[in-house]
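Below is the file work23.pdb, which contains PDB, C-alpha atoms, pLDDT in the B column.
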ATOM      1  CA  ILE R 220      34.659 -50.425 -13.825  1.00 60.00           C
ATOM      2  CA  ALA R 221      31.738 -48.080 -13.878  1.00 63.00           C
ATOM      3  CA  PRO R 222      32.421 -44.452 -14.604  1.00 70.00           C
ATOM      4  CA  SER R 223      32.251 -42.254 -11.513  1.00 75.00           C
ATOM      5  CA  SER R 224      30.904 -38.761 -11.301  1.00 80.00           C
ATOM      6  CA  CYS R 225      31.595 -35.902  -8.941  1.00 84.00           C
ATOM      7  CA  VAL R 226      28.795 -34.279  -7.020  1.00 87.00           C
ATOM      8  CA  ASP R 227      29.093 -30.748  -5.754  1.00 88.00           C
ATOM      9  CA  VAL R 228      29.029 -30.397  -1.985  1.00 86.00           C
ATOM     10  CA  ASP R 229      26.772 -27.567  -0.861  1.00 87.00           C
ATOM     11  CA  GLU R 230      28.967 -26.071   1.845  1.00 85.00           C
ATOM     12  CA  CYS R 231      26.162 -23.696   2.824  1.00 83.00           C
ATOM     13  CA  LYS R 232      23.633 -26.451   3.568  1.00 82.00           C
ATOM     14  CA  GLU R 233      26.271 -28.641   5.178  1.00 82.00           C
ATOM     15  CA  GLY R 234      27.117 -25.778   7.553  1.00 76.00           C
ATOM     16  CA  ILE R 235      30.815 -25.785   6.727  1.00 75.00           C
ATOM     17  CA  ALA R 236      30.924 -22.218   5.378  1.00 68.00           C
ATOM     18  CA  TYR R 237      32.296 -20.788   8.599  1.00 71.00           C
ATOM     19  CA  ASP R 238      33.827 -17.586   7.315  1.00 83.00           C
ATOM     20  CA  CYS R 239      30.556 -15.816   6.411  1.00 84.00           C
ATOM     21  CA  THR R 240      30.099 -13.017   8.938  1.00 86.00           C
ATOM     22  CA  GLU R 241      27.045 -11.245  10.343  1.00 84.00           C
ATOM     23  CA  GLY R 242      25.235  -9.470   7.510  1.00 87.00           C
ATOM     24  CA  GLU R 243      26.503 -11.944   4.889  1.00 89.00           C
ATOM     25  CA  TYR R 244      24.883 -15.040   3.513  1.00 88.00           C
ATOM     26  CA  CYS R 245      26.424 -18.154   1.997  1.00 88.00           C
ATOM     27  CA  MET R 246      25.864 -18.783  -1.714  1.00 88.00           C
ATOM     28  CA  ASN R 247      26.891 -22.173  -3.089  1.00 87.00           C
ATOM     29  CA  THR R 248      28.922 -22.320  -6.306  1.00 90.00           C
ATOM     30  CA  VAL R 249      30.300 -25.334  -8.159  1.00 89.00           C
ATOM     31  CA  GLY R 250      33.176 -26.638  -6.060  1.00 87.00           C
ATOM     32  CA  ALA R 251      33.084 -23.769  -3.580  1.00 89.00           C
ATOM     33  CA  TYR R 252      30.936 -21.057  -2.018  1.00 88.00           C
ATOM     34  CA  VAL R 253      30.974 -17.281  -1.676  1.00 91.00           C
ATOM     35  CA  CYS R 254      29.828 -15.005   1.104  1.00 89.00           C
ATOM     36  CA  SER R 255      27.679 -12.175  -0.206  1.00 91.00           C
ATOM     37  CA  LEU R 256      26.517  -9.066   1.603  1.00 92.00           C
ATOM     38  CA  CYS R 257      22.856  -8.859   2.530  1.00 91.00           C
ATOM     39  CA  PRO R 258      20.966  -5.874   1.102  1.00 93.00           C
ATOM     40  CA  ILE R 259      20.529  -2.758   3.249  1.00 91.00           C
ATOM     41  CA  GLY R 260      17.998  -3.332   6.018  1.00 93.00           C
ATOM     42  CA  HIS R 261      18.639  -7.077   6.071  1.00 94.00           C
ATOM     43  CA  THR R 262      20.945  -9.397   7.977  1.00 92.00           C
ATOM     44  CA  SER R 263      21.878 -13.049   7.683  1.00 90.00           C
ATOM     45  CA  ASN R 264      19.694 -15.684   9.307  1.00 88.00           C
ATOM     46  CA  VAL R 265      21.119 -17.912  12.048  1.00 85.00           C
ATOM     47  CA  ASP R 266      22.739 -20.454   9.713  1.00 82.00           C
ATOM     48  CA  LYS R 267      23.800 -17.704   7.273  1.00 85.00           C
ATOM     49  CA  THR R 268      22.048 -19.337   4.314  1.00 85.00           C
ATOM     50  CA  SER R 269      19.783 -16.379   3.527  1.00 89.00           C
ATOM     51  CA  CYS R 270      19.038 -12.789   4.436  1.00 92.00           C
ATOM     52  CA  VAL R 271      16.125 -11.697   6.594  1.00 94.00           C
ATOM     53  CA  ASP R 272      14.591  -8.280   7.120  1.00 95.00           C
ATOM     54  CA  VAL R 273      15.747  -6.322  10.159  1.00 95.00           C
ATOM     55  CA  ASP R 274      12.859  -4.773  12.104  1.00 97.00           C
ATOM     56  CA  GLU R 275      14.428  -1.418  12.953  1.00 96.00           C
ATOM     57  CA  CYS R 276      11.358  -0.511  14.998  1.00 97.00           C
ATOM     58  CA  VAL R 277      11.890  -3.434  17.378  1.00 97.00           C
ATOM     59  CA  THR R 278      15.677  -3.107  17.527  1.00 94.00           C
ATOM     60  CA  GLY R 279      15.481   0.667  18.098  1.00 93.00           C
ATOM     61  CA  ASN R 280      17.849   1.203  15.176  1.00 92.00           C
ATOM     62  CA  ASN R 281      15.785   4.061  13.711  1.00 94.00           C
ATOM     63  CA  ASN R 282      15.767   7.827  13.970  1.00 93.00           C
ATOM     64  CA  CYS R 283      12.039   8.479  14.354  1.00 95.00           C
ATOM     65  CA  PRO R 284      11.461  11.782  16.179  1.00 94.00           C
ATOM     66  CA  GLU R 285       9.617  12.208  19.469  1.00 94.00           C
ATOM     67  CA  GLN R 286       5.820  12.085  19.210  1.00 95.00           C
ATOM     68  CA  SER R 287       6.009   9.618  16.312  1.00 96.00           C
ATOM     69  CA  TYR R 288       5.808   5.896  15.806  1.00 96.00           C
ATOM     70  CA  CYS R 289       7.864   3.540  13.676  1.00 97.00           C
ATOM     71  CA  VAL R 290       6.432   1.144  11.081  1.00 97.00           C
ATOM     72  CA  ASN R 291       8.756  -1.539   9.710  1.00 97.00           C
ATOM     73  CA  SER R 292       8.975  -2.111   5.957  1.00 96.00           C
ATOM     74  CA  VAL R 293      11.058  -4.571   3.960  1.00 95.00           C
ATOM     75  CA  GLY R 294      14.609  -3.242   4.034  1.00 94.00           C
ATOM     76  CA  GLY R 295      13.761  -0.165   6.075  1.00 96.00           C
ATOM     77  CA  TYR R 296      11.147   1.642   8.137  1.00 96.00           C
ATOM     78  CA  ASN R 297       8.858   4.685   8.080  1.00 95.00           C
ATOM     79  CA  CYS R 298       8.097   7.222  10.800  1.00 95.00           C
ATOM     80  CA  PHE R 299       4.609   8.654  11.259  1.00 96.00           C
ATOM     81  CA  CYS R 300       3.665  11.491  13.579  1.00 96.00           C
ATOM     82  CA  SER R 301       1.250  10.579  16.342  1.00 96.00           C
ATOM     83  CA  TYR R 302      -2.330  11.855  16.271  1.00 93.00           C
ATOM     84  CA  GLY R 303      -2.441  15.612  16.919  1.00 94.00           C
ATOM     85  CA  TYR R 304       1.033  16.179  15.469  1.00 95.00           C
ATOM     86  CA  ARG R 305       2.392  16.960  12.006  1.00 94.00           C
ATOM     87  CA  LEU R 306       5.807  16.511  10.457  1.00 93.00           C
ATOM     88  CA  ASN R 307       8.014  19.587  10.382  1.00 92.00           C
ATOM     89  CA  ASN R 308      10.744  18.796   7.859  1.00 86.00           C
ATOM     90  CA  THR R 309      11.863  22.416   7.489  1.00 87.00           C
ATOM     91  CA  VAL R 310      14.386  21.782  10.266  1.00 82.00           C
ATOM     92  CA  GLU R 311      17.072  19.139  10.467  1.00 83.00           C
ATOM     93  CA  PRO R 312      16.458  16.662  11.941  1.00 86.00           C
ATOM     94  CA  SER R 313      12.747  16.498  11.149  1.00 89.00           C
ATOM     95  CA  SER R 314      10.383  16.647  14.091  1.00 95.00           C
ATOM     96  CA  CYS R 315       6.730  16.146  14.927  1.00 96.00           C
ATOM     97  CA  VAL R 316       5.109  19.356  16.150  1.00 95.00           C
ATOM     98  CA  ASP R 317       1.750  19.985  17.779  1.00 95.00           C
ATOM     99  CA  ILE R 318      -1.158  20.799  15.470  1.00 94.00           C
ATOM    100  CA  ASN R 319      -3.105  23.778  16.821  1.00 95.00           C
ATOM    101  CA  GLU R 320      -6.595  22.492  16.047  1.00 93.00           C
ATOM    102  CA  CYS R 321      -8.117  25.724  17.379  1.00 92.00           C
ATOM    103  CA  ASP R 322      -6.236  27.994  14.950  1.00 92.00           C
ATOM    104  CA  MET R 323      -6.954  25.624  12.061  1.00 91.00           C
ATOM    105  CA  GLY R 324     -10.675  25.384  12.891  1.00 89.00           C
ATOM    106  CA  ASN R 325     -10.221  21.621  13.081  1.00 89.00           C
ATOM    107  CA  TYR R 326     -12.242  21.054  16.253  1.00 88.00           C
ATOM    108  CA  SER R 327     -15.782  20.385  17.373  1.00 90.00           C
ATOM    109  CA  CYS R 328     -17.079  22.212  20.444  1.00 86.00           C
ATOM    110  CA  PRO R 329     -20.640  23.006  21.504  1.00 81.00           C
ATOM    111  CA  ARG R 330     -21.871  26.455  20.447  1.00 75.00           C
ATOM    112  CA  GLN R 331     -21.391  27.969  23.909  1.00 74.00           C
ATOM    113  CA  ALA R 332     -17.857  26.598  24.314  1.00 82.00           C
ATOM    114  CA  TYR R 333     -14.508  27.639  22.931  1.00 86.00           C
ATOM    115  CA  CYS R 334     -11.463  25.670  21.827  1.00 90.00           C
ATOM    116  CA  VAL R 335      -8.320  25.496  23.949  1.00 91.00           C
ATOM    117  CA  ASN R 336      -5.266  23.935  22.279  1.00 94.00           C
ATOM    118  CA  THR R 337      -3.353  21.336  24.284  1.00 94.00           C
ATOM    119  CA  ILE R 338      -0.257  19.355  23.353  1.00 93.00           C
ATOM    120  CA  GLY R 339      -1.422  16.794  20.794  1.00 93.00           C
ATOM    121  CA  ALA R 340      -5.123  17.599  21.185  1.00 94.00           C
ATOM    122  CA  TYR R 341      -7.620  20.277  22.263  1.00 93.00           C
ATOM    123  CA  ASN R 342     -10.258  20.816  24.922  1.00 92.00           C
ATOM    124  CA  CYS R 343     -13.580  22.630  24.865  1.00 91.00           C
ATOM    125  CA  SER R 344     -14.033  25.154  27.671  1.00 89.00           C
ATOM    126  CA  TYR R 345     -16.940  27.266  28.791  1.00 85.00           C
ATOM    127  CA  CYS R 346     -17.005  30.913  29.841  1.00 84.00           C
ATOM    128  CA  PRO R 347     -17.649  31.661  33.524  1.00 84.00           C
ATOM    129  CA  ASN R 348     -21.127  32.789  34.610  1.00 84.00           C
ATOM    130  CA  GLY R 349     -21.885  36.306  33.424  1.00 83.00           C
ATOM    131  CA  TYR R 350     -19.697  35.944  30.325  1.00 85.00           C
ATOM    132  CA  LYS R 351     -20.378  34.673  26.819  1.00 83.00           C
ATOM    133  CA  TYR R 352     -18.134  33.518  24.017  1.00 80.00           C
ATOM    134  CA  ASN R 353     -18.107  35.904  21.032  1.00 79.00           C
ATOM    135  CA  GLY R 354     -16.151  33.662  18.665  1.00 71.00           C
ATOM    136  CA  ARG R 355     -12.750  34.859  19.892  1.00 73.00           C
ATOM    137  CA  SER R 356     -12.909  35.203  23.671  1.00 78.00           C
ATOM    138  CA  CYS R 357     -15.179  35.367  26.694  1.00 82.00           C
ATOM    139  CA  VAL R 358     -16.786  38.798  27.076  1.00 87.00           C
ATOM    140  CA  ASP R 359     -18.903  40.214  29.832  1.00 86.00           C
ATOM    141  CA  VAL R 360     -22.673  39.976  29.403  1.00 87.00           C
ATOM    142  CA  ASN R 361     -24.246  43.357  30.122  1.00 87.00           C
ATOM    143  CA  GLU R 362     -27.359  42.250  31.968  1.00 85.00           C
ATOM    144  CA  CYS R 363     -28.634  45.849  31.969  1.00 85.00           C
ATOM    145  CA  GLU R 364     -28.764  45.797  28.158  1.00 86.00           C
ATOM    146  CA  THR R 365     -30.270  42.311  27.931  1.00 85.00           C
ATOM    147  CA  GLY R 366     -32.944  43.042  30.540  1.00 80.00           C
ATOM    148  CA  ASN R 367     -31.842  40.044  32.559  1.00 80.00           C
ATOM    149  CA  TYR R 368     -31.765  41.766  35.976  1.00 79.00           C
ATOM    150  CA  SER R 369     -34.015  42.449  38.918  1.00 83.00           C
ATOM    151  CA  CYS R 370     -33.624  45.773  40.683  1.00 83.00           C
ATOM    152  CA  PRO R 371     -35.997  47.192  43.299  1.00 85.00           C
ATOM    153  CA  LEU R 372     -38.228  50.111  42.349  1.00 84.00           C
ATOM    154  CA  GLN R 373     -36.604  53.532  42.371  1.00 84.00           C
ATOM    155  CA  SER R 374     -33.175  52.039  41.478  1.00 84.00           C
ATOM    156  CA  TYR R 375     -31.193  51.573  38.304  1.00 85.00           C
ATOM    157  CA  CYS R 376     -29.140  48.754  36.822  1.00 85.00           C
ATOM    158  CA  GLU R 377     -25.356  48.997  36.831  1.00 85.00           C
ATOM    159  CA  ASN R 378     -23.342  46.317  35.058  1.00 84.00           C
ATOM    160  CA  PHE R 379     -20.305  44.721  36.689  1.00 83.00           C
ATOM    161  CA  ASN R 380     -17.936  42.208  35.115  1.00 83.00           C
ATOM    162  CA  GLY R 381     -19.439  38.771  35.418  1.00 75.00           C
TER     163      GLY R 381
END

Could you express the structure from this file as structure tokens?
Amino acid sequence: IAPSSCVDVDECKEGIAYDCTEGEYCMNTVGAYVCSLCPIGHTSNVDKTSCVDVDECVTGNNNCPEQSYCVNSVGGYNCFCSYGYRLNNTVEPSSCVDINECDMGNYSCPRQAYCVNTIGAYNCSYCPNGYKYNGRSCVDVNECETGNYSCPLQSYCENFNG
């Protein structure tokens, strides 16, 4: 009679490890198996033989603030503020707040235009006719002082707003 040998049955591969639950994976041992917890940010695959990353951005299981976007990473995720916003982590929970590009001087407008902050961006605006931008606001152009007027003889120039 030839000697016989025992061969371990891999219960995980055979699919007979039924008591592993969601978030656990099956790990074969000699003569048995154990169910182990998946690391944070992971869950068990369909046949519970390994752990896979959870994409919290797709599942919505993240706490990214408004005006931000979620980027998945292995075992977690990161939140980034959208363009025109910055992270304000001085309050709890953190939030993304508008960047005032005009106050920061972080804008590009033509010389005759001025910066107007908008939510998440800025616009360049122009002064109405008869006004010019002095670096802070639109001010009246005194056409009498600039000589840019036409008055009939025997009259004088009087400036009006605009």

Of the candidates R:Ser356, R:Ser263, R:Gln286, R:Thr268, which one gets nearest to Asp229 (chain R) if we count only C-alpha atoms? R:Thr268

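Taking all atoms listed in the file into account, the protein, DNA and RNA residues within 6 Å of (-15.4, 30.9, 19.8) read R:Tyr333, R:Tyr352, R:Asn353, R:Gly354, R:Arg355.
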
Considering only C-alpha atoms, state which residue in the set R:Val271, R:Cys321, R:Cys245, R:Val310 is at the smallest distance from Asn342 (chain R). R:Cys321

Hey, what's within 9 Å of Ser255 (chain R) if we count only C-alpha atoms and toss same-chain stuff fewer than 5 positions away? As number ranges by chain, please? R: 239, 242-246

Go ahead and compute the interatomic distance for CA of Ser287 (chain R) and CA of Cys315 (chain R), in Å to one decimal.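 Atom-to-atom, CA of Ser287 (chain R) to CA of Cys315 (chain R), that is 6.7 Å.
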
Residues within 7 Å of Val360 (chain R), please, as a PyMOL selection string. Count only C-alpha atoms; anything in the same chain fewer than 5 positions from it doesn't count. chain R and resi 349-351+381

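What the PyMOL selection byres ((chain R and resi 258) around 9) picks from this file is Gly242, Leu256, Cys257, Ile259, Gly260, His261, Thr262, Cys270 and Gly294 of chain R.
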
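This file, queried with the PyMOL selection byres ((chain R and resi 290) around 10), gives the residues Asp274, Glu275, Cys276, Val277, Cys283, Ser287, Tyr288, Cys289, Asn291, Ser292, Gly295, Tyr296, Asn297, Cys298 and Phe299 of chain R.
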
Nearest to Cys346 (chain R), chosen from R:Thr240, R:Ser224, R:Gln331, R:Ser374, with all atoms listed in the file counted in the distances: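 Selected residue with least distance to Cys346 (chain R): R:Gln331.
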
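Taking CA of Gly234 (chain R) and CA of Asp266 (chain R) as the two end points, the separation is 7.2 Å.
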
With all atoms listed in the file as the atoms that count, which of R:Pro284, R:Asp227, R:Asn380, R:Asn336 lies nearest to Asn308 (chain R)? R:Pro284

Using only C-alpha atoms, which of R:Gly279, R:Cys343, R:Glu230, R:Asn247 sits nearest Ser327 (chain R)? R:Cys343

Residue IDs satisfying the PyMOL selection byres ((chain R and resi 319) around 12), as JSON, numbers by chain: {"R": [302, 303, 304, 305, 316, 317, 318, 320, 321, 322, 323, 324, 325, 326, 334, 335, 336, 337, 338, 339, 340, 341, 342]}

Go ahead and dump the residues you just picked, C-alpha atoms, as a CSV table (one decimal), in the coordinates of the input.
chain,number,residue,atom,x,y,z
R,302,TYR,CA,-2.3,11.9,16.3
R,303,GLY,CA,-2.4,15.6,16.9
R,304,TYR,CA,1.0,16.2,15.5
R,305,ARG,CA,2.4,17.0,12.0
R,316,VAL,CA,5.1,19.4,16.2
R,317,ASP,CA,1.8,20.0,17.8
R,318,ILE,CA,-1.2,20.8,15.5
R,320,GLU,CA,-6.6,22.5,16.0
R,321,CYS,CA,-8.1,25.7,17.4
R,322,ASP,CA,-6.2,28.0,15.0
R,323,MET,CA,-7.0,25.6,12.1
R,324,GLY,CA,-10.7,25.4,12.9
R,325,ASN,CA,-10.2,21.6,13.1
R,326,TYR,CA,-12.2,21.1,16.3
R,334,CYS,CA,-11.5,25.7,21.8
R,335,VAL,CA,-8.3,25.5,23.9
R,336,ASN,CA,-5.3,23.9,22.3
R,337,THR,CA,-3.4,21.3,24.3
R,338,ILE,CA,-0.3,19.4,23.4
R,339,GLY,CA,-1.4,16.8,20.8
R,340,ALA,CA,-5.1,17.6,21.2
R,341,TYR,CA,-7.6,20.3,22.3
R,342,ASN,CA,-10.3,20.8,24.9

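Here CA of Glu241 (chain R) is placed at a distance of 12.3 Å from CA of Val273 (chain R).
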
Go through R:Val293, R:Asn378, R:Ser344, R:Val265 and flag the residue nearest Cys357 (chain R), using all atoms listed in the file for the distances.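 Counting all atoms listed in the file, the residue closest to Cys357 (chain R) is R:Ser344.
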
Please return region 248-272 of chain R, rebuilt to N, CA, C and O atoms, as a tab-separated table (two decimals), keeping the file's coordinate frame.
chain	number	residue	atom	x	y	z
R	248	THR	N	28.47	-22.32	-4.90
R	248	THR	CA	28.92	-22.32	-6.31
R	248	THR	C	29.50	-23.71	-6.58
R	248	THR	O	29.73	-24.49	-5.64
R	249	VAL	N	29.74	-24.03	-7.81
R	249	VAL	CA	30.30	-25.33	-8.16
R	249	VAL	C	31.70	-25.44	-7.57
R	249	VAL	O	32.58	-24.66	-7.90
R	250	GLY	N	31.87	-26.38	-6.65
R	250	GLY	CA	33.18	-26.64	-6.06
R	250	GLY	C	33.57	-25.68	-4.95
R	250	GLY	O	34.65	-25.80	-4.40
R	251	ALA	N	32.71	-24.74	-4.62
R	251	ALA	CA	33.08	-23.77	-3.58
R	251	ALA	C	31.83	-23.05	-3.07
R	251	ALA	O	30.71	-23.51	-3.28
R	252	TYR	N	32.03	-21.92	-2.45
R	252	TYR	CA	30.94	-21.06	-2.02
R	252	TYR	C	31.48	-19.64	-1.90
R	252	TYR	O	32.69	-19.42	-1.85
R	253	VAL	N	30.57	-18.67	-1.89
R	253	VAL	CA	30.97	-17.28	-1.68
R	253	VAL	C	30.06	-16.70	-0.59
R	253	VAL	O	28.92	-17.11	-0.43
R	254	CYS	N	30.61	-15.75	0.11
R	254	CYS	CA	29.83	-15.00	1.10
R	254	CYS	C	29.44	-13.68	0.46
R	254	CYS	O	30.30	-12.94	-0.01
R	255	SER	N	28.17	-13.41	0.41
R	255	SER	CA	27.68	-12.18	-0.21
R	255	SER	C	27.03	-11.31	0.85
R	255	SER	O	26.42	-11.80	1.80
R	256	LEU	N	27.13	-10.01	0.67
R	256	LEU	CA	26.52	-9.07	1.60
R	256	LEU	C	25.00	-9.07	1.45
R	256	LEU	O	24.48	-9.13	0.34
R	257	CYS	N	24.32	-9.00	2.56
R	257	CYS	CA	22.86	-8.86	2.53
R	257	CYS	C	22.52	-7.42	2.11
R	257	CYS	O	23.29	-6.50	2.36
R	258	PRO	N	21.37	-7.24	1.47
R	258	PRO	CA	20.97	-5.87	1.10
R	258	PRO	C	20.77	-5.00	2.34
R	258	PRO	O	20.58	-5.51	3.45
R	259	ILE	N	20.75	-3.70	2.15
R	259	ILE	CA	20.53	-2.76	3.25
R	259	ILE	C	19.20	-3.09	3.93
R	259	ILE	O	18.21	-3.38	3.27
R	260	GLY	N	19.21	-3.04	5.26
R	260	GLY	CA	18.00	-3.33	6.02
R	260	GLY	C	17.77	-4.81	6.25
R	260	GLY	O	16.72	-5.20	6.74
R	261	HIS	N	18.73	-5.62	5.89
R	261	HIS	CA	18.64	-7.08	6.07
R	261	HIS	C	19.88	-7.56	6.80
R	261	HIS	O	20.91	-6.89	6.82
R	262	THR	N	19.79	-8.75	7.37
R	262	THR	CA	20.94	-9.40	7.98
R	262	THR	C	20.83	-10.88	7.70
R	262	THR	O	19.78	-11.36	7.27
R	263	SER	N	21.91	-11.61	7.94
R	263	SER	CA	21.88	-13.05	7.68
R	263	SER	C	21.06	-13.76	8.75
R	263	SER	O	20.98	-13.32	9.89
R	264	ASN	N	20.41	-14.87	8.33
R	264	ASN	CA	19.69	-15.68	9.31
R	264	ASN	C	20.71	-16.45	10.15
R	264	ASN	O	21.92	-16.32	9.95
R	265	VAL	N	20.23	-17.25	11.09
R	265	VAL	CA	21.12	-17.91	12.05
R	265	VAL	C	22.17	-18.78	11.37
R	265	VAL	O	23.34	-18.74	11.71
R	266	ASP	N	21.76	-19.57	10.37
R	266	ASP	CA	22.74	-20.45	9.71
R	266	ASP	C	23.41	-19.81	8.52
R	266	ASP	O	24.14	-20.45	7.78
R	267	LYS	N	23.16	-18.51	8.32
R	267	LYS	CA	23.80	-17.70	7.27
R	267	LYS	C	23.57	-18.24	5.86
R	267	LYS	O	24.41	-18.09	4.98
R	268	THR	N	22.37	-18.83	5.65
R	268	THR	CA	22.05	-19.34	4.31
R	268	THR	C	21.13	-18.39	3.55
R	268	THR	O	20.87	-18.61	2.37
R	269	SER	N	20.62	-17.36	4.21
R	269	SER	CA	19.78	-16.38	3.53
R	269	SER	C	19.76	-15.08	4.34
R	269	SER	O	20.27	-15.03	5.46
R	270	CYS	N	19.16	-14.08	3.76
R	270	CYS	CA	19.04	-12.79	4.44
R	270	CYS	C	17.60	-12.61	4.91
R	270	CYS	O	16.66	-13.03	4.24
R	271	VAL	N	17.45	-11.99	6.05
R	271	VAL	CA	16.12	-11.70	6.59
R	271	VAL	C	16.04	-10.20	6.89
R	271	VAL	O	17.05	-9.54	7.14
R	272	ASP	N	14.83	-9.69	6.84
R	272	ASP	CA	14.59	-8.28	7.12
R	272	ASP	C	14.91	-7.96	8.58
R	272	ASP	O	14.60	-8.75	9.47
